[in-house]
$ cat protein37.cif   # mmCIF, C-alpha atoms
data_run
loop_
_atom_site.label_atom_id
_atom_site.label_comp_id
_atom_site.auth_asym_id
_atom_site.auth_seq_id
_atom_site.Cartn_x
_atom_site.Cartn_y
_atom_site.Cartn_z
CA MET A 15 15.43 10.27 15.39
CA THR A 16 15.81 13.09 17.90
CA ALA A 17 15.36 15.72 15.19
CA ILE A 18 12.03 14.16 14.17
CA ASP A 19 10.92 14.03 17.83
CA VAL A 20 11.79 17.69 18.34
CA ALA A 21 10.02 18.74 15.13
CA ILE A 22 6.83 16.88 16.05
CA LEU A 23 6.86 18.29 19.59
CA LEU A 24 7.29 21.77 18.13
CA PHE A 25 4.29 21.20 15.84
CA LEU A 26 2.29 19.99 18.85
CA ALA A 27 3.09 23.15 20.80
CA ILE A 28 2.21 25.42 17.86
CA THR A 29 -1.09 23.59 17.29
CA ALA A 30 -2.01 23.76 21.00
CA VAL A 31 -1.39 27.52 21.14
CA THR A 32 -3.44 27.95 17.96
CA ILE A 33 -6.36 25.99 19.44
CA ALA A 34 -6.26 28.17 22.53
CA ARG A 35 -6.08 31.45 20.59
CA ILE A 36 -8.50 30.83 17.73
CA ARG A 37 -12.09 32.12 18.00
CA ASP A 38 -13.59 30.24 15.05
CA LEU A 39 -14.73 26.99 16.65
CA TRP A 40 -14.97 25.15 13.33
CA ALA A 41 -11.27 25.80 12.76
CA ALA A 42 -10.55 24.80 16.37
CA VAL A 43 -12.17 21.39 15.78
CA MET A 44 -10.02 21.03 12.68
CA PHE A 45 -6.90 21.85 14.68
CA THR A 46 -7.81 19.26 17.33
CA GLY A 47 -7.80 16.72 14.49
CA ILE A 48 -4.30 17.84 13.50
CA TYR A 49 -3.25 17.66 17.15
CA SER A 50 -4.47 14.07 17.44
CA PHE A 51 -2.60 13.03 14.30
CA LEU A 52 0.58 14.65 15.61
CA SER A 53 0.36 13.14 19.08
CA ALA A 54 -0.43 9.72 17.61
CA SER A 55 2.65 9.85 15.41
CA TRP A 56 4.75 10.98 18.34
CA MET A 57 3.54 7.98 20.39
CA LEU A 58 4.47 5.80 17.45
CA LEU A 59 7.99 7.26 17.50
CA LEU A 60 8.15 6.40 21.21
CA ASP A 61 7.42 2.74 20.33
CA ALA A 62 3.86 2.65 21.68
CA PRO A 63 1.84 1.51 18.66
CA ASP A 64 -1.18 0.40 20.72
CA VAL A 65 -1.63 3.81 22.36
CA SER A 66 -1.08 5.43 18.99
CA PHE A 67 -3.78 3.21 17.46
CA THR A 68 -6.28 4.31 20.11
CA GLU A 69 -5.33 7.97 19.79
CA ALA A 70 -5.81 7.89 16.02
CA ALA A 71 -9.17 6.11 16.20
CA VAL A 72 -10.65 8.06 19.12
CA GLY A 73 -8.89 11.43 18.87
CA ALA A 74 -8.81 11.97 15.14
CA GLY A 75 -11.86 9.95 14.18
CA ILE A 76 -14.67 9.89 16.70
CA SER A 77 -14.08 13.07 18.67
CA THR A 78 -13.91 15.21 15.52
CA VAL A 79 -17.35 13.94 14.50
CA LEU A 80 -18.72 14.34 18.03
CA MET A 81 -17.43 17.90 18.36
CA LEU A 82 -18.83 18.81 14.95
CA SER A 83 -22.26 17.46 15.87
CA THR A 84 -22.06 19.54 19.06
CA LEU A 85 -21.25 22.60 16.94
CA ALA A 86 -24.31 21.82 14.81
CA LEU A 87 -26.45 22.18 17.92
CA THR A 88 -24.72 25.29 19.32
CA GLY A 89 -22.80 27.85 17.27
CA THR A 90 -19.52 28.13 15.45
CA THR A 91 -18.04 31.28 16.96
CA GLU A 92 -16.85 32.12 20.44
CA LYS A 93 -17.22 35.50 22.08
CA ALA A 94 -13.92 37.20 22.79
CA SER A 95 -13.54 37.30 26.54
CA GLY A 96 -12.83 40.85 27.60
CA ALA A 97 -10.59 39.74 30.44
CA LYS A 98 -7.41 41.69 31.02
CA PHE A 99 -4.08 40.27 32.12
CA ARG A 100 -4.37 39.18 35.75
CA PRO A 101 -1.15 38.51 37.63
CA ILE A 102 -2.35 36.11 40.36
CA PRO A 103 -3.72 33.33 38.07
CA PHE A 104 -0.64 33.74 35.87
CA MET A 105 1.62 33.25 38.92
CA VAL A 106 -0.37 30.17 39.99
CA VAL A 107 -0.03 28.64 36.53
CA VAL A 108 3.70 29.38 36.33
CA LEU A 109 4.28 27.94 39.82
CA THR A 110 2.34 24.77 39.00
CA GLY A 111 4.32 24.38 35.79
CA CYS A 112 7.60 24.75 37.65
CA MET A 113 6.53 22.16 40.23
CA LEU A 114 5.54 19.72 37.48
CA ILE A 115 8.89 20.17 35.72
CA TYR A 116 10.66 19.70 39.08
CA GLY A 117 8.68 16.47 39.50
CA THR A 118 9.93 15.12 36.18
CA LEU A 119 13.52 15.36 37.44
CA ASP A 120 12.84 12.30 39.61
CA MET A 121 11.75 10.21 36.63
CA PRO A 122 14.25 7.72 35.17
CA GLN A 123 15.73 8.25 31.72
CA ILE A 124 13.82 6.82 28.74
CA GLY A 125 15.21 3.38 27.91
CA ASP A 126 17.26 3.06 31.08
CA PRO A 127 17.55 -0.70 31.77
CA SER A 128 17.36 -0.14 35.55
CA ASP A 129 13.88 1.47 35.34
CA PRO A 130 11.33 -0.03 37.73
CA ILE A 131 9.10 -0.77 34.77
CA HIS A 132 11.86 -2.81 33.12
CA ILE A 133 12.66 -4.73 36.29
CA HIS A 134 9.39 -5.70 37.94
CA PRO A 135 7.09 -7.93 35.81
CA SER A 136 8.46 -7.44 32.37
CA PRO A 137 11.53 -9.72 31.94
CA SER A 138 9.60 -12.90 32.68
CA PHE A 139 6.95 -12.01 30.10
CA VAL A 140 9.56 -11.05 27.52
CA GLU A 141 11.48 -14.27 28.12
CA ARG A 142 8.46 -16.60 28.16
CA THR A 143 6.38 -15.09 25.32
CA GLN A 144 8.42 -16.63 22.53
CA GLY A 145 7.97 -20.15 23.88
CA ASP A 146 4.41 -19.82 25.20
CA MET A 147 2.93 -18.11 22.16
CA HIS A 148 4.82 -20.01 19.49
CA GLY A 149 6.66 -16.98 18.19
CA LEU A 150 4.10 -14.17 18.51
CA PRO A 151 6.30 -11.11 17.99
CA ASN A 152 4.42 -8.53 20.09
CA VAL A 153 4.60 -8.94 23.87
CA VAL A 154 1.77 -6.45 24.46
CA THR A 155 -0.57 -8.52 22.30
CA ALA A 156 0.45 -11.69 24.12
CA VAL A 157 -0.24 -10.14 27.55
CA LEU A 158 -3.53 -8.61 26.45
CA GLY A 159 -4.86 -11.57 24.51
CA SER A 160 -3.59 -14.54 26.48
CA TYR A 161 -1.98 -13.86 29.86
CA ARG A 162 -4.78 -11.44 30.74
CA GLY A 163 -7.36 -12.98 28.45
CA TYR A 164 -10.13 -13.11 31.09
CA ASP A 165 -9.59 -9.42 31.91
CA THR A 166 -9.90 -8.52 28.26
CA LEU A 167 -13.04 -10.62 27.91
CA GLY A 168 -14.59 -8.82 30.89
CA GLU A 169 -13.66 -5.41 29.50
CA THR A 170 -15.15 -6.27 26.14
CA THR A 171 -18.38 -7.42 27.81
CA VAL A 172 -18.63 -4.16 29.77
CA VAL A 173 -18.06 -2.03 26.66
CA PHE A 174 -20.57 -4.08 24.68
CA THR A 175 -23.22 -3.71 27.40
CA ALA A 176 -22.61 0.04 27.62
CA GLY A 177 -22.95 0.35 23.85
CA ILE A 178 -26.27 -1.54 23.86
CA ALA A 179 -27.55 0.66 26.71
CA VAL A 180 -26.63 3.86 24.86
CA LEU A 181 -28.31 2.60 21.69
CA LEU A 182 -31.50 1.71 23.57
CA ILE A 183 -31.64 5.13 25.29
CA LEU A 184 -31.12 7.03 22.03
CA ARG A 185 -33.70 4.96 20.16
CA ARG A 186 -36.35 5.46 22.85
CA GLY A 187 -35.89 9.22 22.68
CA LYS A 188 -36.54 9.22 18.95
CA GLU A 189 -39.75 7.16 19.28
CA GLU A 190 -41.15 9.54 21.89
CA ASP A 191 -40.28 12.45 19.66
CA SER A 192 -42.29 11.07 16.73
CA LYS A 193 -45.19 10.06 19.02
CA THR A 194 -45.59 13.61 20.31
CA GLY A 195 -45.66 14.87 16.74
CA GLY A 196 -42.13 16.23 16.68
CA ARG A 197 -40.43 17.92 13.81
CA PRO A 198 -41.03 16.30 10.43
CA GLY A 199 -37.31 15.84 9.84
CA SER A 200 -36.74 13.85 13.03
CA ALA A 201 -39.83 11.70 12.49
CA ALA A 202 -38.62 10.82 9.00
CA ALA A 203 -35.16 10.05 10.35
CA SER A 204 -36.48 7.67 13.02
CA GLY A 205 -38.69 6.01 10.42
CA ASP A 206 -35.64 5.43 8.26
CA ASN A 207 -33.68 3.89 11.11
CA ALA A 208 -36.41 1.61 12.48
CA MET B 23 19.54 5.54 5.75
CA VAL B 24 20.55 9.07 4.81
CA PHE B 25 18.02 8.97 2.00
CA LEU B 26 15.20 7.96 4.34
CA PHE B 27 16.17 10.62 6.87
CA THR B 28 16.19 13.28 4.13
CA ALA B 29 12.72 12.12 3.08
CA CYS B 30 11.59 12.49 6.71
CA VAL B 31 12.90 16.05 6.90
CA ALA B 32 11.23 16.93 3.59
CA ILE B 33 7.89 15.57 4.82
CA LEU B 34 8.24 17.53 8.07
CA VAL B 35 8.90 20.74 6.14
CA THR B 36 5.79 20.10 4.02
CA MET B 37 3.80 19.50 7.21
CA SER B 38 4.93 22.86 8.55
CA PHE B 39 3.77 24.57 5.34
CA ALA B 40 0.37 22.88 5.65
CA LEU B 41 0.14 23.96 9.29
CA VAL B 42 0.91 27.57 8.38
CA ARG B 43 -1.76 27.51 5.67
CA ALA B 44 -4.28 26.06 8.12
CA MET B 45 -3.55 28.87 10.56
CA LEU B 46 -3.60 31.71 8.03
CA GLY B 47 -6.18 30.24 5.65
CA PRO B 48 -8.86 32.84 5.13
CA THR B 49 -11.43 30.55 3.53
CA VAL B 50 -12.86 27.18 4.47
CA PHE B 51 -11.30 25.54 1.43
CA ASP B 52 -7.76 26.46 2.49
CA ARG B 53 -8.28 24.91 5.88
CA VAL B 54 -9.93 21.71 4.64
CA LEU B 55 -7.22 21.22 2.04
CA SER B 56 -4.46 21.80 4.54
CA LEU B 57 -6.05 19.39 7.03
CA ASN B 58 -6.32 16.71 4.36
CA MET B 59 -2.75 17.34 3.27
CA PHE B 60 -1.54 17.21 6.88
CA GLY B 61 -3.19 13.82 7.34
CA THR B 62 -1.63 12.50 4.14
CA LYS B 63 1.78 13.73 5.22
CA THR B 64 1.33 12.02 8.60
CA VAL B 65 0.68 8.73 6.80
CA LEU B 66 3.80 9.24 4.68
CA LEU B 67 5.86 10.14 7.74
CA ILE B 68 4.78 6.95 9.51
CA CYS B 69 5.69 4.85 6.46
CA VAL B 70 9.14 6.44 6.16
CA VAL B 71 9.81 6.22 9.90
CA SER B 72 8.77 2.56 9.98
CA PHE B 73 11.27 1.77 7.22
CA LEU B 74 13.85 3.90 9.02
CA GLN B 75 13.39 1.89 12.21
CA GLY B 76 13.08 -1.39 10.34
CA ARG B 77 9.65 -2.12 11.80
CA THR B 78 7.39 -2.51 8.81
CA ASP B 79 4.47 -3.72 10.94
CA PHE B 80 3.78 -0.03 11.56
CA LEU B 81 2.42 0.14 8.01
CA ASP B 82 -0.95 -1.14 9.32
CA LEU B 83 -1.11 2.00 11.46
CA ALA B 84 -0.55 4.12 8.38
CA LEU B 85 -3.60 2.44 6.81
CA LEU B 86 -5.68 3.24 9.91
CA TYR B 87 -4.50 6.85 9.82
CA SER B 88 -5.55 7.30 6.23
CA LEU B 89 -9.01 5.86 7.01
CA MET B 90 -9.36 8.24 9.98
CA ASN B 91 -8.24 11.17 7.84
CA PHE B 92 -10.92 10.29 5.29
CA ILE B 93 -13.66 10.07 7.94
CA GLY B 94 -12.60 13.37 9.50
CA VAL B 95 -12.53 15.25 6.22
CA VAL B 96 -15.89 13.82 5.14
CA ALA B 97 -17.43 14.84 8.48
CA LEU B 98 -15.98 18.36 8.19
CA LEU B 99 -17.22 18.77 4.62
CA ARG B 100 -20.67 17.45 5.44
CA PHE B 101 -20.94 19.82 8.37
CA THR B 102 -19.75 22.70 6.21
CA THR B 103 -22.28 22.15 3.45
CA GLN B 104 -25.29 20.98 5.48
CA GLY B 105 -24.72 22.53 8.90
CA GLU B 106 -25.96 19.37 10.65
CA PHE B 107 -25.68 15.58 10.69
CA GLY B 108 -28.56 13.37 9.64
CA GLY B 109 -31.65 15.45 10.40
CA GLN B 110 -30.71 16.48 13.93
CA ASN B 111 -31.90 20.04 13.66
CA PRO B 112 -33.29 21.15 10.33
CA ASN B 113 -33.77 24.77 11.40
CA VAL B 114 -30.09 25.60 11.93
CA ASP B 115 -28.58 27.79 9.25
CA THR B 116 -25.35 26.67 7.63
CA PRO B 117 -22.44 28.09 9.56
CA PHE B 118 -20.76 29.85 6.67
CA GLY B 119 -23.70 31.39 4.88
CA ASP B 120 -23.52 32.09 1.19
CA LYS B 121 -20.26 33.98 1.00
CA SER B 122 -17.87 31.06 1.25
CA ILE B 123 -19.71 28.27 -0.57
CA GLY B 124 -22.65 27.90 -2.89
CA ASN B 125 -24.68 26.47 -0.07
CA THR B 126 -28.20 26.57 -1.53
CA ALA B 127 -27.08 25.01 -4.79
CA LEU B 128 -25.29 22.22 -2.93
CA LYS B 129 -28.28 21.59 -0.72
CA SER B 130 -30.83 21.39 -3.51
CA GLY B 131 -28.50 19.18 -5.52
CA GLY B 132 -27.87 16.87 -2.59
CA ASP B 133 -31.51 16.42 -1.71
#
$ encode --input "protein37.cif" --output "structure tokens"
Amino acid sequence: MTAIDVAILLFLAITAVTIARIRDLWAAVMFTGIYSFLSASWMLLLDAPDVSFTEAAVGAGISTVLMLSTLALTGTTEKASGAKFRPIPFMVVVLTGCMLIYGTLDMPQIGDPSDPIHIHPSPSFVERTQGDMHGLPNVVTAVLGSYRGYDTLGETTVVFTAGIAVLLILRRGKEEDSKTGGRPGSAAASGDNA
Amino acid sequence: MVFLFTACVAILVTMSFALVRAMLGPTVFDRVLSLNMFGTKTVLLICVVSFLQGRTDFLDLALLYSLMNFIGVVALLRFTTQGEFGGQNPNVDTPFGDKSIGNTALKSGGD
């Protein structure tokens, strides 16, 4: 298992450096898709399937399409920045990195049974889920869907309202565009959608 | 167990080849193919790992990954041939001109 973890982390590092170095933005968008797939599979290896689900749907699916539609409105190449090597920003970055790594030394080991996260609310949920939920295997689903069911309902309502608002705003913009005699392509598109 | 682990290593090696091709790839086709192949290999890796860990409920995630891979590749290809999505900006030229793909032929055929 450790070998697979190391290999995927290595791929992640290589992809991140490539995204930073590449000047063709179309290829950079493609590499962000690869990065999302890799990080989602790494989260899956760390036993977090719900986070991995979200990462795959949002990172690899929606944001690729959004970034491509942004590229359609701007351009596909980036100017090479003529900046030379500057020591002070480099030192700041290295120092911040060292401080972050020093901070991780305080974190408990992965899977340590005496972790705070394994002690505080979790054992009661793990013990009670089997009886309360009639054998639902996933504790995360039980917490999300039943123990915190009202929270989830509220979140869903908020997201639904936001989606409706965004749709209304976008639709109004298109109608105004066709009223003022906009481009023929956009008028035809809004006619198709209405 | 050893068999599954060997399969994992083989898939990881194939992923590294696809990654190298995506980085070197001079044309659009190389990159699109390597992206598609990388997604497919991710799906395979998840399947093998889920059997390796004995948690076959991860297979649903593999299905989601293949759907996402399909959507991503379709979006990339559509952007490459048309240069826009759904009549946003008809005046933008296609990003890769005529040298990499037969862009005018594709456009007239598609319309």
$ resolve_selection --input "protein37.cif" --expression "the PyMOL selection byres ((chain A) within 8 of (chain B))" --output "PDB file with C-alpha atoms, keeping the file's coordinate frame"
ATOM      1  CA  ILE A  18      12.030  14.160  14.170  1.00  0.00           C
ATOM      2  CA  ALA A  21      10.020  18.740  15.130  1.00  0.00           C
ATOM      3  CA  PHE A  25       4.290  21.200  15.840  1.00  0.00           C
ATOM      4  CA  THR A  32      -3.440  27.950  17.960  1.00  0.00           C
ATOM      5  CA  ALA A  41     -11.270  25.800  12.760  1.00  0.00           C
ATOM      6  CA  MET A  44     -10.020  21.030  12.680  1.00  0.00           C
ATOM      7  CA  GLY A  47      -7.800  16.720  14.490  1.00  0.00           C
ATOM      8  CA  ILE A  48      -4.300  17.840  13.500  1.00  0.00           C
ATOM      9  CA  PHE A  51      -2.600  13.030  14.300  1.00  0.00           C
ATOM     10  CA  LEU A  52       0.580  14.650  15.610  1.00  0.00           C
ATOM     11  CA  SER A  55       2.650   9.850  15.410  1.00  0.00           C
ATOM     12  CA  LEU A  59       7.990   7.260  17.500  1.00  0.00           C
ATOM     13  CA  PRO A  63       1.840   1.510  18.660  1.00  0.00           C
ATOM     14  CA  PHE A  67      -3.780   3.210  17.460  1.00  0.00           C
ATOM     15  CA  ALA A  70      -5.810   7.890  16.020  1.00  0.00           C
ATOM     16  CA  ALA A  71      -9.170   6.110  16.200  1.00  0.00           C
ATOM     17  CA  ALA A  74      -8.810  11.970  15.140  1.00  0.00           C
ATOM     18  CA  GLY A  75     -11.860   9.950  14.180  1.00  0.00           C
ATOM     19  CA  THR A  78     -13.910  15.210  15.520  1.00  0.00           C
ATOM     20  CA  VAL A  79     -17.350  13.940  14.500  1.00  0.00           C
ATOM     21  CA  LEU A  82     -18.830  18.810  14.950  1.00  0.00           C
ATOM     22  CA  SER A  83     -22.260  17.460  15.870  1.00  0.00           C
ATOM     23  CA  ALA A  86     -24.310  21.820  14.810  1.00  0.00           C
ATOM     24  CA  LEU A  87     -26.450  22.180  17.920  1.00  0.00           C
ATOM     25  CA  GLY A  89     -22.800  27.850  17.270  1.00  0.00           C
ATOM     26  CA  THR A  90     -19.520  28.130  15.450  1.00  0.00           C
ATOM     27  CA  GLY A 199     -37.310  15.840   9.840  1.00  0.00           C
ATOM     28  CA  SER A 200     -36.740  13.850  13.030  1.00  0.00           C
ATOM     29  CA  ALA A 203     -35.160  10.050  10.350  1.00  0.00           C
TER      30      ALA A 203
END
$ residues_around --input "protein37.cif" --residues "A:Met147" --least-positions-apart "6" --cutoff "12 Å" --atoms "all atoms listed in the file" --output "count of residues only"
11
$ axis_aligned_box --input "protein37.cif" --around "stretch 58-65 of chain A" --padding-each-side "3 Å" --output "AutoDock Vina command-line options"
--center_x 3.3 --center_y 3.8 --center_z 19.9 --size_x 15.8 --size_y 12.9 --size_z 10.9
$ atom_distance --input "protein37.cif" --atom1 "atom CA of A:Thr29" --atom2 "atom CA of A:Val72"
18.3 Å
$ closest_residue --input "protein37.cif" --among "A:Thr88, A:Ser77, A:Thr118, A:Thr68" --to "A:Thr46" --atoms "all atoms listed in the file"
A:Ser77
$ atom_distance --input "protein37.cif" --atom1 "atom CA of A:Arg100" --atom2 "atom CA of A:Leu114"
21.9 Å
$ atom_distance --input "protein37.cif" --atom1 "atom CA of B:Leu46" --atom2 "atom CA of A:Asp38"
12.3 Å
$ decode --input "protein37.cif" --residues "stretch 23-34 of chain B" --atoms "all heavy atoms" --output "PDB file, in the first residue's frame"
ATOM      1  N   MET B  23      -3.164 -11.969  -3.756  1.00  0.00           N
ATOM      2  CA  MET B  23      -2.674 -10.712  -3.183  1.00  0.00           C
ATOM      3  C   MET B  23      -1.463 -10.193  -3.960  1.00  0.00           C
ATOM      4  O   MET B  23      -1.435  -9.036  -4.391  1.00  0.00           O
ATOM      5  CB  MET B  23      -2.282 -10.974  -1.723  1.00  0.00           C
ATOM      6  CG  MET B  23      -2.319  -9.755  -0.840  1.00  0.00           C
ATOM      7  SD  MET B  23      -3.972  -9.081  -0.698  1.00  0.00           S
ATOM      8  CE  MET B  23      -3.676  -7.756   0.447  1.00  0.00           C
ATOM      9  N   VAL B  24      -0.506 -11.099  -4.176  1.00  0.00           N
ATOM     10  CA  VAL B  24       0.690 -10.703  -4.933  1.00  0.00           C
ATOM     11  C   VAL B  24       0.299 -10.353  -6.359  1.00  0.00           C
ATOM     12  O   VAL B  24       0.792  -9.385  -6.941  1.00  0.00           O
ATOM     13  CB  VAL B  24       1.723 -11.856  -4.904  1.00  0.00           C
ATOM     14  CG1 VAL B  24       2.930 -11.495  -5.742  1.00  0.00           C
ATOM     15  CG2 VAL B  24       2.127 -12.144  -3.482  1.00  0.00           C
ATOM     16  N   PHE B  25      -0.653 -11.124  -6.885  1.00  0.00           N
ATOM     17  CA  PHE B  25      -1.117 -10.873  -8.252  1.00  0.00           C
ATOM     18  C   PHE B  25      -1.741  -9.484  -8.366  1.00  0.00           C
ATOM     19  O   PHE B  25      -1.419  -8.719  -9.279  1.00  0.00           O
ATOM     20  CB  PHE B  25      -2.122 -11.965  -8.627  1.00  0.00           C
ATOM     21  CG  PHE B  25      -2.712 -11.786  -9.974  1.00  0.00           C
ATOM     22  CD1 PHE B  25      -1.944 -11.968 -11.106  1.00  0.00           C
ATOM     23  CD2 PHE B  25      -4.045 -11.437 -10.103  1.00  0.00           C
ATOM     24  CE1 PHE B  25      -2.497 -11.792 -12.352  1.00  0.00           C
ATOM     25  CE2 PHE B  25      -4.596 -11.256 -11.343  1.00  0.00           C
ATOM     26  CZ  PHE B  25      -3.827 -11.442 -12.470  1.00  0.00           C
ATOM     27  N   LEU B  26      -2.601  -9.143  -7.400  1.00  0.00           N
ATOM     28  CA  LEU B  26      -3.255  -7.837  -7.441  1.00  0.00           C
ATOM     29  C   LEU B  26      -2.239  -6.711  -7.288  1.00  0.00           C
ATOM     30  O   LEU B  26      -2.328  -5.681  -7.958  1.00  0.00           O
ATOM     31  CB  LEU B  26      -4.301  -7.742  -6.332  1.00  0.00           C
ATOM     32  CG  LEU B  26      -5.600  -8.495  -6.579  1.00  0.00           C
ATOM     33  CD1 LEU B  26      -6.492  -8.403  -5.378  1.00  0.00           C
ATOM     34  CD2 LEU B  26      -6.305  -7.915  -7.777  1.00  0.00           C
ATOM     35  N   PHE B  27      -1.251  -6.921  -6.412  1.00  0.00           N
ATOM     36  CA  PHE B  27      -0.246  -5.881  -6.216  1.00  0.00           C
ATOM     37  C   PHE B  27       0.577  -5.689  -7.487  1.00  0.00           C
ATOM     38  O   PHE B  27       0.894  -4.555  -7.876  1.00  0.00           O
ATOM     39  CB  PHE B  27       0.660  -6.241  -5.035  1.00  0.00           C
ATOM     40  CG  PHE B  27       1.554  -5.130  -4.621  1.00  0.00           C
ATOM     41  CD1 PHE B  27       1.054  -4.071  -3.879  1.00  0.00           C
ATOM     42  CD2 PHE B  27       2.885  -5.108  -4.986  1.00  0.00           C
ATOM     43  CE1 PHE B  27       1.862  -3.028  -3.505  1.00  0.00           C
ATOM     44  CE2 PHE B  27       3.695  -4.061  -4.615  1.00  0.00           C
ATOM     45  CZ  PHE B  27       3.191  -3.025  -3.871  1.00  0.00           C
ATOM     46  N   THR B  28       0.915  -6.790  -8.159  1.00  0.00           N
ATOM     47  CA  THR B  28       1.648  -6.687  -9.426  1.00  0.00           C
ATOM     48  C   THR B  28       0.824  -5.927 -10.460  1.00  0.00           C
ATOM     49  O   THR B  28       1.358  -5.087 -11.200  1.00  0.00           O
ATOM     50  CB  THR B  28       1.988  -8.092  -9.947  1.00  0.00           C
ATOM     51  OG1 THR B  28       2.421  -8.876  -8.858  1.00  0.00           O
ATOM     52  CG2 THR B  28       3.045  -8.040 -11.006  1.00  0.00           C
ATOM     53  N   ALA B  29      -0.486  -6.205 -10.487  1.00  0.00           N
ATOM     54  CA  ALA B  29      -1.358  -5.480 -11.417  1.00  0.00           C
ATOM     55  C   ALA B  29      -1.337  -3.991 -11.110  1.00  0.00           C
ATOM     56  O   ALA B  29      -1.270  -3.150 -12.023  1.00  0.00           O
ATOM     57  CB  ALA B  29      -2.778  -6.027 -11.326  1.00  0.00           C
ATOM     58  N   CYS B  30      -1.348  -3.642  -9.817  1.00  0.00           N
ATOM     59  CA  CYS B  30      -1.281  -2.238  -9.403  1.00  0.00           C
ATOM     60  C   CYS B  30      -0.016  -1.572  -9.929  1.00  0.00           C
ATOM     61  O   CYS B  30      -0.061  -0.476 -10.495  1.00  0.00           O
ATOM     62  CB  CYS B  30      -1.268  -2.162  -7.886  1.00  0.00           C
ATOM     63  SG  CYS B  30      -2.760  -1.558  -7.183  1.00  0.00           S
ATOM     64  N   VAL B  31       1.113  -2.258  -9.730  1.00  0.00           N
ATOM     65  CA  VAL B  31       2.398  -1.686 -10.164  1.00  0.00           C
ATOM     66  C   VAL B  31       2.403  -1.515 -11.674  1.00  0.00           C
ATOM     67  O   VAL B  31       2.851  -0.476 -12.197  1.00  0.00           O
ATOM     68  CB  VAL B  31       3.554  -2.585  -9.683  1.00  0.00           C
ATOM     69  CG1 VAL B  31       4.856  -2.125 -10.293  1.00  0.00           C
ATOM     70  CG2 VAL B  31       3.649  -2.549  -8.176  1.00  0.00           C
ATOM     71  N   ALA B  32       1.858  -2.490 -12.402  1.00  0.00           N
ATOM     72  CA  ALA B  32       1.830  -2.388 -13.859  1.00  0.00           C
ATOM     73  C   ALA B  32       0.994  -1.198 -14.293  1.00  0.00           C
ATOM     74  O   ALA B  32       1.381  -0.440 -15.198  1.00  0.00           O
ATOM     75  CB  ALA B  32       1.276  -3.676 -14.457  1.00  0.00           C
ATOM     76  N   ILE B  33      -0.162  -0.994 -13.632  1.00  0.00           N
ATOM     77  CA  ILE B  33      -1.015   0.147 -13.986  1.00  0.00           C
ATOM     78  C   ILE B  33      -0.299   1.454 -13.682  1.00  0.00           C
ATOM     79  O   ILE B  33      -0.356   2.415 -14.468  1.00  0.00           O
ATOM     80  CB  ILE B  33      -2.349   0.051 -13.229  1.00  0.00           C
ATOM     81  CG1 ILE B  33      -3.176  -1.109 -13.774  1.00  0.00           C
ATOM     82  CG2 ILE B  33      -3.153   1.323 -13.387  1.00  0.00           C
ATOM     83  CD1 ILE B  33      -4.378  -1.408 -12.946  1.00  0.00           C
ATOM     84  N   LEU B  34       0.430   1.496 -12.562  1.00  0.00           N
ATOM     85  CA  LEU B  34       1.152   2.729 -12.217  1.00  0.00           C
ATOM     86  C   LEU B  34       2.239   3.029 -13.249  1.00  0.00           C
ATOM     87  O   LEU B  34       2.443   4.198 -13.618  1.00  0.00           O
ATOM     88  CB  LEU B  34       1.757   2.610 -10.823  1.00  0.00           C
ATOM     89  CG  LEU B  34       0.749   2.786  -9.692  1.00  0.00           C
ATOM     90  CD1 LEU B  34       1.370   2.426  -8.371  1.00  0.00           C
ATOM     91  CD2 LEU B  34       0.257   4.209  -9.654  1.00  0.00           C
TER      92      LEU B  34
END
